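Here is run-v3.cif, consisting of mmCIF, C-alpha atoms and all ligand atoms:
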```cif
data_model
#
loop_
_atom_site.label_atom_id
_atom_site.label_comp_id
_atom_site.auth_asym_id
_atom_site.auth_seq_id
_atom_site.Cartn_x
_atom_site.Cartn_y
_atom_site.Cartn_z
CA MET A 26 36.81 -7.20 -163.05
CA SER A 27 40.43 -6.25 -163.74
CA SER A 28 41.58 -2.80 -162.70
CA PHE A 29 42.43 -2.09 -166.34
CA ASN A 30 38.86 -2.85 -167.30
CA LEU A 31 37.54 -0.63 -164.52
CA GLU A 32 39.77 2.26 -165.63
CA ARG A 33 38.59 1.90 -169.20
CA ARG A 34 34.95 1.93 -168.16
CA ILE A 35 35.48 4.94 -165.91
CA LYS A 36 36.95 6.87 -168.83
CA ARG A 37 34.23 5.80 -171.24
CA GLN A 38 31.21 5.99 -168.97
CA VAL A 39 32.07 8.69 -166.43
CA TRP A 40 34.80 10.98 -167.79
CA ALA A 41 33.94 11.20 -171.47
CA PRO A 42 30.16 11.80 -171.56
CA GLU A 43 28.17 14.78 -170.41
CA HIS A 44 25.96 14.32 -167.37
CA ALA A 45 22.92 16.08 -165.95
CA PHE A 46 23.41 17.83 -162.61
CA PHE A 47 21.20 19.76 -160.22
CA ALA A 48 22.51 22.44 -157.85
CA VAL A 49 20.17 22.84 -154.89
CA CYS A 50 19.86 26.34 -153.45
CA ALA A 51 17.58 28.16 -151.05
CA PRO A 52 14.31 29.04 -152.81
CA GLY A 53 14.69 32.63 -153.98
CA LEU A 54 18.39 32.33 -154.80
CA GLU A 55 17.89 30.46 -158.10
CA PRO A 56 18.71 33.46 -160.37
CA LEU A 57 21.97 34.09 -158.50
CA CYS A 58 22.94 30.42 -158.59
CA ALA A 59 22.17 30.32 -162.33
CA ARG A 60 24.38 33.40 -162.80
CA GLU A 61 27.23 31.64 -161.01
CA LEU A 62 26.82 28.54 -163.17
CA ALA A 63 26.93 30.70 -166.31
CA VAL A 64 30.30 32.10 -165.17
CA LEU A 65 31.54 28.50 -164.85
CA ASN A 66 30.37 27.81 -168.43
CA ALA A 67 27.92 25.10 -167.39
CA GLY A 68 25.64 23.91 -170.19
CA ASP A 69 21.83 23.90 -170.39
CA ILE A 70 21.37 26.04 -167.28
CA ALA A 71 17.74 25.65 -166.18
CA PRO A 72 16.53 27.27 -162.95
CA GLU A 73 13.58 25.59 -161.27
CA PRO A 74 12.11 26.08 -157.80
CA GLY A 75 14.79 25.19 -155.25
CA GLY A 76 17.75 24.88 -157.58
CA VAL A 77 19.28 24.96 -161.03
CA GLY A 78 19.71 22.10 -163.48
CA PHE A 79 22.79 22.08 -165.69
CA ARG A 80 24.85 19.78 -167.91
CA GLY A 81 28.47 19.10 -168.57
CA LYS A 82 31.34 16.69 -168.11
CA LEU A 83 32.29 15.52 -164.65
CA GLU A 84 34.64 18.48 -164.12
CA ILE A 85 31.75 20.95 -164.19
CA ALA A 86 30.48 19.31 -160.99
CA TYR A 87 33.94 19.71 -159.45
CA ALA A 88 33.93 23.39 -160.43
CA ALA A 89 30.37 23.83 -159.13
CA ASN A 90 31.30 22.40 -155.74
CA LEU A 91 34.47 24.44 -155.52
CA TRP A 92 33.01 27.75 -156.74
CA LEU A 93 29.26 28.03 -156.15
CA ARG A 94 28.67 30.48 -153.32
CA THR A 95 24.88 30.30 -153.29
CA ALA A 96 24.29 26.53 -153.65
CA GLY A 97 23.78 23.94 -150.94
CA ARG A 98 24.52 20.72 -152.78
CA VAL A 99 25.13 19.38 -156.29
CA TRP A 100 23.40 16.17 -157.38
CA LEU A 101 24.47 14.02 -160.29
CA ARG A 102 21.39 12.60 -162.02
CA LEU A 103 22.28 8.98 -162.63
CA LYS A 104 18.93 7.86 -164.03
CA ASP A 105 15.79 9.66 -165.11
CA PHE A 106 13.04 7.28 -166.21
CA ARG A 107 9.37 6.70 -166.69
CA VAL A 108 7.69 4.48 -164.12
CA ARG A 109 4.81 2.38 -165.32
CA ARG A 110 5.20 -0.42 -162.83
CA TRP A 111 7.39 -1.35 -159.88
CA ASP A 112 9.67 -3.41 -162.12
CA ASP A 113 10.80 -0.24 -163.92
CA LEU A 114 12.46 0.92 -160.72
CA VAL A 115 14.06 -2.49 -160.11
CA ARG A 116 15.42 -2.62 -163.67
CA GLN A 117 16.69 0.96 -163.75
CA ALA A 118 18.36 0.69 -160.33
CA ALA A 119 20.09 -2.54 -161.40
CA ALA A 120 21.34 -0.85 -164.58
CA VAL A 121 23.34 1.84 -162.72
CA PRO A 122 27.09 1.08 -162.88
CA TRP A 123 27.35 1.59 -159.11
CA GLU A 124 30.96 0.41 -158.89
CA LEU A 125 32.06 3.54 -160.80
CA TYR A 126 30.54 5.88 -158.23
CA VAL A 127 30.29 4.10 -154.89
CA ALA A 128 33.46 3.09 -153.09
CA PRO A 129 33.58 -0.52 -151.79
CA GLY A 130 32.10 -0.71 -148.29
CA ALA A 131 30.85 2.92 -148.40
CA ALA A 132 28.02 3.96 -146.08
CA LEU A 133 24.96 4.90 -148.17
CA ASN A 134 22.33 7.36 -146.99
CA ILE A 135 19.31 6.85 -149.27
CA SER A 136 16.51 9.40 -149.15
CA VAL A 137 13.27 9.07 -151.08
CA SER A 138 10.75 11.76 -151.88
CA LEU A 139 7.55 10.85 -153.67
CA SER A 140 4.90 13.24 -154.92
CA ALA A 141 1.84 11.81 -156.64
CA SER A 142 4.18 8.99 -157.68
CA ASN A 143 3.00 5.52 -158.55
CA LEU A 144 5.97 4.13 -156.59
CA LYS A 145 4.06 4.75 -153.30
CA HIS A 146 6.26 3.13 -150.60
CA SER A 147 9.37 5.18 -149.92
CA GLY A 148 10.88 2.55 -147.58
CA ARG A 149 10.65 -0.13 -150.26
CA VAL A 150 12.04 2.23 -152.91
CA ALA A 151 15.12 2.82 -150.71
CA GLU A 152 15.48 -0.93 -150.18
CA VAL A 153 15.36 -1.70 -153.91
CA VAL A 154 17.98 0.92 -154.76
CA GLY A 155 20.28 -0.03 -151.85
CA LYS A 156 20.04 -3.70 -152.80
CA ALA A 157 20.77 -2.95 -156.47
CA ALA A 158 23.97 -1.14 -155.48
CA ALA A 159 25.00 -3.92 -153.05
CA ASP A 160 24.25 -6.74 -155.52
CA ARG A 161 26.20 -5.00 -158.25
CA LEU A 162 29.34 -4.53 -156.14
CA LYS A 163 29.11 -8.06 -154.71
CA SER A 164 28.79 -9.56 -158.18
CA LEU A 165 32.08 -7.87 -159.08
CA GLY A 166 33.81 -9.26 -156.00
CA LEU A 167 33.77 -5.85 -154.28
CA GLU A 168 32.69 -5.09 -150.72
CA PRO A 169 29.04 -3.94 -150.89
CA PRO A 170 27.91 -0.58 -149.47
CA ILE A 171 26.22 -0.56 -146.08
CA PRO A 172 23.30 1.56 -144.80
CA ALA A 173 24.57 4.73 -143.11
CA GLU A 174 24.13 5.25 -139.37
CA PRO A 175 21.74 8.13 -138.60
CA GLY A 176 23.60 11.45 -138.55
CA ASP A 177 26.67 10.12 -140.42
CA GLU A 178 27.78 13.30 -142.28
CA GLN A 179 30.43 11.37 -144.22
CA ALA A 180 27.94 8.91 -145.75
CA GLN A 181 27.38 8.99 -149.50
CA ARG A 182 23.92 10.45 -150.11
CA LEU A 183 21.68 8.96 -152.73
CA GLN A 184 18.28 10.36 -153.59
CA VAL A 185 15.29 8.86 -155.35
CA ARG A 186 12.60 11.30 -156.43
CA GLY A 187 9.32 10.16 -157.85
CA VAL A 188 6.98 12.76 -159.33
CA ASP A 189 3.88 11.51 -161.12
CA ARG A 190 5.11 8.86 -163.54
CA ARG A 191 8.78 9.86 -163.61
CA ALA A 192 11.56 9.01 -161.22
CA THR A 193 15.17 10.11 -160.86
CA ILE A 194 18.04 8.46 -159.02
CA SER A 195 20.68 11.02 -158.06
CA LEU A 196 24.00 10.83 -156.29
CA ASP A 197 25.32 13.63 -154.11
CA THR A 198 28.64 15.06 -155.30
CA SER A 199 29.03 17.47 -152.35
CA GLY A 200 28.97 15.75 -148.95
CA ALA A 201 28.30 18.23 -146.14
CA HIS A 202 26.09 21.17 -147.16
CA LEU A 203 28.11 23.60 -149.30
CA HIS A 204 27.45 26.50 -146.94
CA LYS A 205 29.78 24.68 -144.57
CA ARG A 206 32.92 26.24 -145.95
CA GLY A 207 35.03 24.98 -143.09
CA TYR A 208 36.02 28.34 -141.59
CA ARG A 209 33.31 28.67 -138.98
CA PRO A 210 33.25 26.04 -136.25
CA GLN A 211 31.18 28.45 -134.17
CA GLY A 212 29.61 31.52 -135.68
CA GLY A 213 28.84 33.96 -132.87
CA ALA A 214 25.47 34.68 -131.32
CA ALA A 215 23.33 34.63 -134.48
CA PRO A 216 25.46 33.77 -137.50
CA LEU A 217 24.18 34.33 -141.01
CA ARG A 218 24.36 31.30 -143.29
CA GLU A 219 27.26 31.62 -145.70
CA ASP A 220 25.24 31.12 -148.90
CA LEU A 221 22.89 33.95 -147.88
CA ALA A 222 25.82 36.21 -147.07
CA ALA A 223 27.30 35.54 -150.50
CA ALA A 224 23.87 36.05 -152.11
CA LEU A 225 23.51 39.47 -150.50
CA LEU A 226 26.95 40.50 -151.78
CA MET A 227 26.05 39.29 -155.26
CA LEU A 228 22.75 41.17 -155.13
CA CYS A 229 24.82 44.31 -154.38
CA ASP A 230 27.11 43.53 -157.36
CA TYR A 231 30.07 43.44 -154.99
CA ASP A 232 33.29 42.58 -156.82
CA GLY A 233 35.88 43.77 -154.33
CA SER A 234 36.87 46.89 -156.24
CA GLY A 235 35.48 49.35 -153.64
CA PRO A 236 35.60 49.64 -149.83
CA LEU A 237 33.27 47.40 -147.83
CA LEU A 238 32.01 47.79 -144.27
CA ASP A 239 29.90 45.45 -142.16
CA PRO A 240 29.17 47.57 -139.07
CA LEU A 241 27.30 44.73 -137.27
CA CYS A 242 29.69 41.96 -138.28
CA GLY A 243 29.10 39.41 -135.51
CA GLY A 244 31.16 36.31 -136.37
CA GLY A 245 32.24 37.98 -139.61
CA THR A 246 30.38 35.91 -142.21
CA LEU A 247 29.64 38.81 -144.59
CA VAL A 248 33.17 40.14 -144.27
CA ILE A 249 34.74 36.74 -144.92
CA GLU A 250 32.47 36.00 -147.89
CA ALA A 251 33.33 39.47 -149.25
CA ALA A 252 37.05 38.80 -148.87
CA LEU A 253 36.68 35.47 -150.71
CA ILE A 254 34.90 37.26 -153.58
CA ALA A 255 37.35 40.18 -153.64
CA ARG A 256 40.36 37.85 -153.83
CA HIS A 257 38.70 35.44 -156.30
CA LEU A 258 39.09 32.63 -153.78
CA PRO A 259 36.80 29.61 -154.08
CA PRO A 260 34.33 29.23 -151.19
CA GLY A 261 35.03 25.48 -151.15
CA GLY A 262 38.81 25.80 -151.09
CA LYS A 263 39.12 24.64 -147.48
CA ARG A 264 36.85 21.60 -147.43
CA SER A 265 36.37 18.15 -148.90
CA PHE A 266 33.60 16.82 -151.14
CA ALA A 267 31.79 13.50 -151.59
CA PHE A 268 33.05 13.03 -155.17
CA GLU A 269 36.62 12.81 -153.85
CA GLN A 270 35.71 9.33 -152.49
CA TRP A 271 34.34 8.02 -155.79
CA PRO A 272 36.32 5.32 -157.61
CA SER A 273 35.91 7.48 -160.74
CA LEU A 274 37.49 10.60 -159.23
CA ARG A 275 39.41 12.40 -161.98
CA GLU A 276 42.20 13.19 -159.60
CA ALA A 277 44.61 14.96 -161.93
CA ALA A 278 41.87 17.26 -163.25
CA TRP A 279 40.64 18.00 -159.72
CA ASN A 280 44.13 18.79 -158.43
CA HIS A 281 44.76 20.98 -161.47
CA MET A 282 41.50 22.89 -160.88
CA ARG A 283 42.39 23.60 -157.26
CA ARG A 284 45.95 24.57 -158.10
CA GLN A 285 44.73 26.94 -160.79
CA ALA A 286 42.27 28.52 -158.35
CA GLY A 287 45.15 29.13 -155.94
CA GLU A 288 47.34 30.65 -158.66
CA LYS A 289 44.63 33.01 -159.89
CA ALA A 290 43.64 34.28 -156.44
CA LEU A 291 44.75 37.75 -155.40
CA ALA A 292 47.15 37.99 -152.45
CA ALA A 293 44.96 40.65 -150.80
CA PRO A 294 41.66 42.41 -151.53
CA PRO A 295 42.07 45.39 -153.90
CA ALA A 296 40.07 47.69 -151.58
CA PRO A 297 39.67 47.82 -147.77
CA ILE A 298 37.28 45.39 -146.07
CA LEU A 299 36.25 46.26 -142.54
CA GLY A 300 34.11 44.50 -139.94
CA ARG A 301 32.89 46.33 -136.86
CA ASP A 302 30.72 45.21 -133.97
CA ARG A 303 30.02 46.77 -130.62
CA ASN A 304 30.67 43.45 -128.89
CA PRO A 305 34.46 42.90 -128.56
CA LYS A 306 33.97 39.15 -127.96
CA VAL A 307 32.38 38.57 -131.35
CA VAL A 308 35.02 40.79 -132.97
CA ALA A 309 37.67 38.39 -131.63
CA LEU A 310 35.66 35.45 -132.98
CA ALA A 311 35.32 37.12 -136.40
CA LYS A 312 39.12 37.54 -136.51
CA ASP A 313 39.58 33.84 -135.73
CA ASN A 314 37.07 32.85 -138.41
CA ALA A 315 38.79 35.06 -140.98
CA GLY A 316 42.11 33.43 -140.05
CA ARG A 317 40.64 29.97 -140.57
CA ALA A 318 39.23 31.07 -143.93
CA GLY A 319 42.71 32.29 -144.91
CA VAL A 320 41.50 35.85 -145.61
CA SER A 321 43.04 37.89 -142.76
CA LYS A 322 45.25 39.84 -145.15
CA GLY A 323 43.73 43.23 -146.00
CA VAL A 324 40.72 42.59 -143.74
CA LYS A 325 40.30 44.57 -140.52
CA PHE A 326 38.00 44.11 -137.57
CA GLU A 327 37.38 46.59 -134.76
CA ALA A 328 35.05 46.96 -131.80
CA ALA A 329 32.82 49.99 -132.42
CA ASP A 330 29.20 51.11 -132.13
CA PHE A 331 27.80 51.86 -135.58
CA LEU A 332 25.61 54.60 -134.19
CA GLY A 333 28.59 56.56 -132.83
CA LYS A 334 31.43 55.83 -135.24
CA SER A 335 32.16 57.71 -138.45
CA ALA A 336 32.22 56.15 -141.94
CA PRO A 337 35.59 54.58 -142.76
CA ALA A 338 35.70 55.90 -146.34
CA GLY A 339 34.04 58.49 -148.62
CA THR A 340 31.88 55.89 -150.31
CA GLY A 341 31.55 52.14 -150.77
CA LEU A 342 29.25 49.31 -149.77
CA VAL A 343 27.75 48.80 -146.30
CA VAL A 344 26.40 45.30 -145.73
CA MET A 345 24.59 44.35 -142.57
CA ASN A 346 22.61 41.63 -140.92
CA PRO A 347 20.91 43.45 -138.03
CA PRO A 348 19.53 41.44 -135.10
CA TYR A 349 16.21 39.78 -135.90
CA GLY A 350 14.89 40.05 -132.38
CA LYS A 351 14.37 36.31 -132.46
CA ARG A 352 17.68 34.86 -131.45
CA LEU A 353 19.00 38.14 -129.93
CA GLY A 354 16.71 40.46 -127.91
CA SER A 355 13.09 41.25 -128.79
CA VAL A 356 11.44 42.07 -132.12
CA ARG A 357 10.53 45.56 -130.81
CA GLN A 358 14.17 46.26 -129.91
CA ALA A 359 15.24 44.99 -133.34
CA GLU A 360 12.75 47.27 -135.05
CA THR A 361 13.89 50.30 -133.03
CA LEU A 362 17.49 49.49 -133.97
CA ALA A 363 16.55 49.17 -137.67
CA GLY A 364 15.11 52.72 -137.46
CA LYS A 365 18.32 54.01 -135.87
CA LEU A 366 20.44 52.26 -138.49
CA GLY A 367 18.41 54.06 -141.17
CA GLU A 368 19.02 57.44 -139.46
CA ARG A 369 22.74 56.73 -139.16
CA LEU A 370 22.95 55.77 -142.84
CA ARG A 371 21.22 59.02 -143.86
CA ASP A 372 23.51 61.05 -141.53
CA ALA A 373 26.89 59.57 -142.41
CA TYR A 374 26.65 57.31 -145.48
CA VAL A 375 24.95 59.37 -148.21
CA GLY A 376 25.79 57.90 -151.62
CA TRP A 377 26.89 54.53 -150.19
CA ARG A 378 25.35 51.37 -151.47
CA VAL A 379 23.70 49.26 -148.76
CA GLY A 380 22.90 45.56 -148.58
CA ALA A 381 20.87 44.24 -145.67
CA VAL A 382 19.40 40.94 -144.53
CA LEU A 383 16.09 41.84 -142.88
CA TYR A 384 13.78 39.70 -140.80
CA ARG A 385 10.75 41.76 -141.76
CA PRO A 386 10.34 43.20 -145.26
CA GLU A 387 8.67 46.34 -143.86
CA TRP A 388 11.92 47.28 -142.11
CA ALA A 389 13.22 48.19 -145.55
CA GLY A 390 11.19 51.39 -145.14
CA LEU A 391 13.10 52.18 -141.93
CA LEU A 392 16.40 51.97 -143.79
CA GLY A 393 15.00 54.35 -146.42
CA LEU A 394 17.08 53.16 -149.37
CA ALA A 395 16.59 54.36 -152.94
CA ASP A 396 16.48 52.11 -156.03
CA ALA A 397 16.00 49.07 -153.83
CA THR A 398 15.85 45.49 -155.08
CA THR A 399 14.82 42.58 -152.87
CA LEU A 400 15.03 38.81 -152.79
CA THR A 401 13.39 36.64 -150.17
CA ALA A 402 14.83 33.39 -148.90
CA PRO A 403 14.13 31.00 -146.03
CA PHE A 404 16.57 31.11 -143.14
CA SER A 405 16.38 29.41 -139.78
CA GLY A 406 12.62 28.96 -139.95
CA LEU A 407 12.09 32.57 -141.08
CA LYS A 408 11.53 34.17 -144.44
CA VAL A 409 14.17 36.88 -144.66
CA SER A 410 14.56 39.73 -147.16
CA LEU A 411 17.84 40.39 -148.91
CA LEU A 412 17.73 44.08 -149.76
CA SER A 413 20.07 46.15 -151.90
CA GLY A 414 19.78 49.90 -152.46
CA LYS A 415 21.46 53.28 -152.11
CA VAL A 416 21.45 55.87 -149.34
CA PRO A 417 19.79 58.85 -151.03
CA SER A 418 20.91 62.44 -150.61
CA GLN A 419 17.92 64.22 -148.99
C1 LIG A 501 22.59 39.11 -136.23
S1 LIG A 501 24.15 39.52 -135.58
C2 LIG A 501 25.21 39.56 -136.99
C3 LIG A 501 25.66 38.17 -137.35
C4 LIG A 501 26.71 38.14 -138.41
N1 LIG A 501 26.20 38.53 -139.71
C5 LIG A 501 27.32 36.74 -138.48
O1 LIG A 501 27.17 36.05 -139.50
O2 LIG A 501 27.90 36.29 -137.49
C6 LIG A 501 23.97 41.22 -135.20
C7 LIG A 501 25.20 41.85 -134.58
O3 LIG A 501 24.94 43.25 -134.46
C8 LIG A 501 25.68 43.73 -133.36
N2 LIG A 501 25.15 45.06 -133.01
C9 LIG A 501 23.89 45.36 -132.59
N3 LIG A 501 23.78 46.71 -132.44
C10 LIG A 501 24.97 47.26 -132.80
C11 LIG A 501 25.47 48.60 -132.89
N4 LIG A 501 24.72 49.65 -132.54
N5 LIG A 501 26.73 48.79 -133.31
C12 LIG A 501 27.51 47.72 -133.64
N6 LIG A 501 27.11 46.43 -133.56
C13 LIG A 501 25.85 46.20 -133.15
C14 LIG A 501 25.50 42.64 -132.33
O4 LIG A 501 26.55 42.69 -131.36
C15 LIG A 501 25.53 41.36 -133.17
O5 LIG A 501 26.83 40.79 -133.19
#
```

What is this file in structure tokens?
Amino acid sequence: MSSFNLERRIKRQVWAPEHAFFAVCAPGLEPLCARELAVLNAGDIAPEPGGVGFRGKLEIAYAANLWLRTAGRVWLRLKDFRVRRWDDLVRQAAAVPWELYVAPGAALNISVSLSASNLKHSGRVAEVVGKAAADRLKSLGLEPPIPAEPGDEQAQRLQVRGVDRRATISLDTSGAHLHKRGYRPQGGAAPLREDLAAALLMLCDYDGSGPLLDPLCGGGTLVIEAALIARHLPPGGKRSFAFEQWPSLREAAWNHMRRQAGEKALAAPPAPILGRDRNPKVVALAKDNAGRAGVSKGVKFEAADFLGKSAPAGTGLVVMNPPYGKRLGSVRQAETLAGKLGERLRDAYVGWRVGAVLYRPEWAGLLGLADATTLTAPFSGLKVSLLSGKVPSQ
């Protein structure tokens, strides 16, 4: 196939039409992820358990990867079909124009999930799809893809899902999980996942216009995610994505999108952002992480005990991720601390808004917030509560 022909087909088959996408997120975060997609002007936004479907041209997937704070991955649905017999899979897999999406010689990581599907054998499903991609590239004189080595993070992910009599073949546009923003090589003793940190801030309607304090900041995840939001910086601005390796990458549009994001970002947060922790070692780590994220400007960190230090402003938002007692100390110690945090909030933070990630939902009572709203999400084998409320005046 001539390169002219390939370019023409890329424009006609990949750039021009709308596609169906699916943004995966932690169960519980779907409404927030849908809200983010609405801001990006995605079409046909449809939350379902574990993620949000949406439609649009290729660029909407670029924007989703660059901007979604609460998603883990964005799939492009290449084929969605009815399966009556095995041949349907063979035919549909062979009909995918693989050469437009898979780079010659790419490592392919094919996962298969089947639920009450008549496809039955996941190993054979993966084989059929891998072979279809390889045959297609070979027939065009291109180097075929190879199976990925286990643990190869750079491999192009491909997913086949079979549910009842339908199957979908999807291609990963993201690469490494989107919570891996690239600013946190090590997180501290018990780092919060970045998508959950962003979700908590969104649940608190944080937009950067008022002061923010994380008094238990650890490696600084909440502070850094807050600074990204406050400065309108994309969470994915410091990392790469799987779609950048595709032969159909719309390079000019992608470069333009990133340039525009840079131009629209604020040079510093409009209001103070402060991280405190009683452990000076993690404070130093938080500073390093903020530097790597490119958000040091207007963000301060200091070593201080929350229980003894005064509030840094008259009002604002306190966000915190207190120890769970699982990775740090015991559950009893963590519960005692949650009670003390509640007392401190009532003593020194009346009128402040509070957002907290809690290991046990009943600890919300210890914080004693008014007008509280809660989301639950899985995290590190636990089901955690994201809580937002206000410190009431007694
Ligand atoms: C679960 S970690 C926070 C992790 C953080 N969100 C991150 O992503 O890295 C809890 C932190 O609370 C700090 N801490 C516990 N009690 C404190 C107190 N009384 N004052 C200040 N920091 C405290 C610990 O040193 C620890 O770094």

Mind checking which residues fall within 9 Å of Ser199 of chain A, counting only C-alpha atoms, ignoring those fewer than 2 positions away in the same chain, and posting them as an mmCIF file with C-alpha atoms, keeping the file's coordinate frame?
```cif
data_model
loop_
_atom_site.group_PDB
_atom_site.id
_atom_site.type_symbol
_atom_site.label_atom_id
_atom_site.label_comp_id
_atom_site.auth_asym_id
_atom_site.auth_seq_id
_atom_site.Cartn_x
_atom_site.Cartn_y
_atom_site.Cartn_z
ATOM 1 C CA ALA A 86 30.480 19.310 -160.990
ATOM 2 C CA TYR A 87 33.940 19.710 -159.450
ATOM 3 C CA ASN A 90 31.300 22.400 -155.740
ATOM 4 C CA GLY A 97 23.780 23.940 -150.940
ATOM 5 C CA ARG A 98 24.520 20.720 -152.780
ATOM 6 C CA VAL A 99 25.130 19.380 -156.290
ATOM 7 C CA TRP A 100 23.400 16.170 -157.380
ATOM 8 C CA ARG A 182 23.920 10.450 -150.110
ATOM 9 C CA ASP A 197 25.320 13.630 -154.110
ATOM 10 C CA ALA A 201 28.300 18.230 -146.140
ATOM 11 C CA HIS A 202 26.090 21.170 -147.160
ATOM 12 C CA LEU A 203 28.110 23.600 -149.300
ATOM 13 C CA SER A 265 36.370 18.150 -148.900
ATOM 14 C CA PHE A 266 33.600 16.820 -151.140
ATOM 15 C CA ALA A 267 31.790 13.500 -151.590
ATOM 16 C CA PHE A 268 33.050 13.030 -155.170
#
```

**Report entry** Nearest to ligand LIG 501 (chain A) by atom-to-atom distance, counting only C-alpha atoms and all ligand atoms, from A:Val379, A:Met282, A:Ala215, A:Ala293
**Finding:**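 Of A:Val379, A:Met282, A:Ala215, A:Ala293, the one nearest ligand LIG 501 (chain A) is A:Ala215, counting only C-alpha atoms and all ligand atoms.
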
Requested in this report: Pick out the residues no farther than 8 Å from ligand LIG 501 (chain A), counting all atoms listed in the file, and list them as number ranges by chain.
Outcome: A: 212-219, 222, 240-247, 301-304, 307, 311, 328-333, 345-349, 353, 362, 366

Requested in this report: Would you mind listing what lies within 12 Å of Ala338 of chain A as an MDAnalysis selection string, with all atoms listed in the file counted and same-chain residues fewer than 2 positions away left out?
Outcome: chainID A and resid 235:238 296:299 334:336 340:343 373:377

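In terms of minimum interatomic distance to Met227 of chain A, A:Arg94 ranks closest within A:Arg94, A:Arg110, A:Lys263, A:Arg369, counting only C-alpha atoms.
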
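Applying the 8 Å criterion to (7.0, 15.8, -157.0) in file coordinates and using all atoms listed in the file, one obtains the residues A:Ser138, A:Leu139, A:Ser140, A:Ala141, A:Ser142, A:Arg186, A:Gly187, A:Val188, A:Asp189.
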
Requested in this report: Could you please determine the separation between atom CA of Gly233 of chain A and atom CA of Gly262 of chain A in Å, to one decimal place?
Outcome: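 If I compute the distance from atom CA of Gly233 of chain A to atom CA of Gly262 of chain A, I get 18.5 Å.
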
**Report entry** Distance query 9 Å from (42.7, 45.4, -137.7) using only C-alpha atoms, result as JSON, numbers by chain
**Finding:** {"A": [299, 300, 312, 323, 324, 325, 326, 327]}

Between segment 59-128 of chain A and segment 152-161 of chain A, at 8 Å or less, what are the per-residue closest atom pairs and their distances in Å? Count all atoms listed in the file, order by chain and rising residue number, and return it as CSV.
```
residue,atom,partner,partner_atom,distance
A:Leu114,CA,A:Val153,CA,7.9
A:Val115,CA,A:Val153,CA,6.4
A:Ala118,CA,A:Val154,CA,5.6
A:Ala119,CA,A:Ala157,CA,5.0
A:Val121,CA,A:Ala158,CA,7.9
A:Pro122,CA,A:Arg161,CA,7.7
A:Trp123,CA,A:Ala158,CA,5.7
A:Glu124,CA,A:Arg161,CA,7.2
```
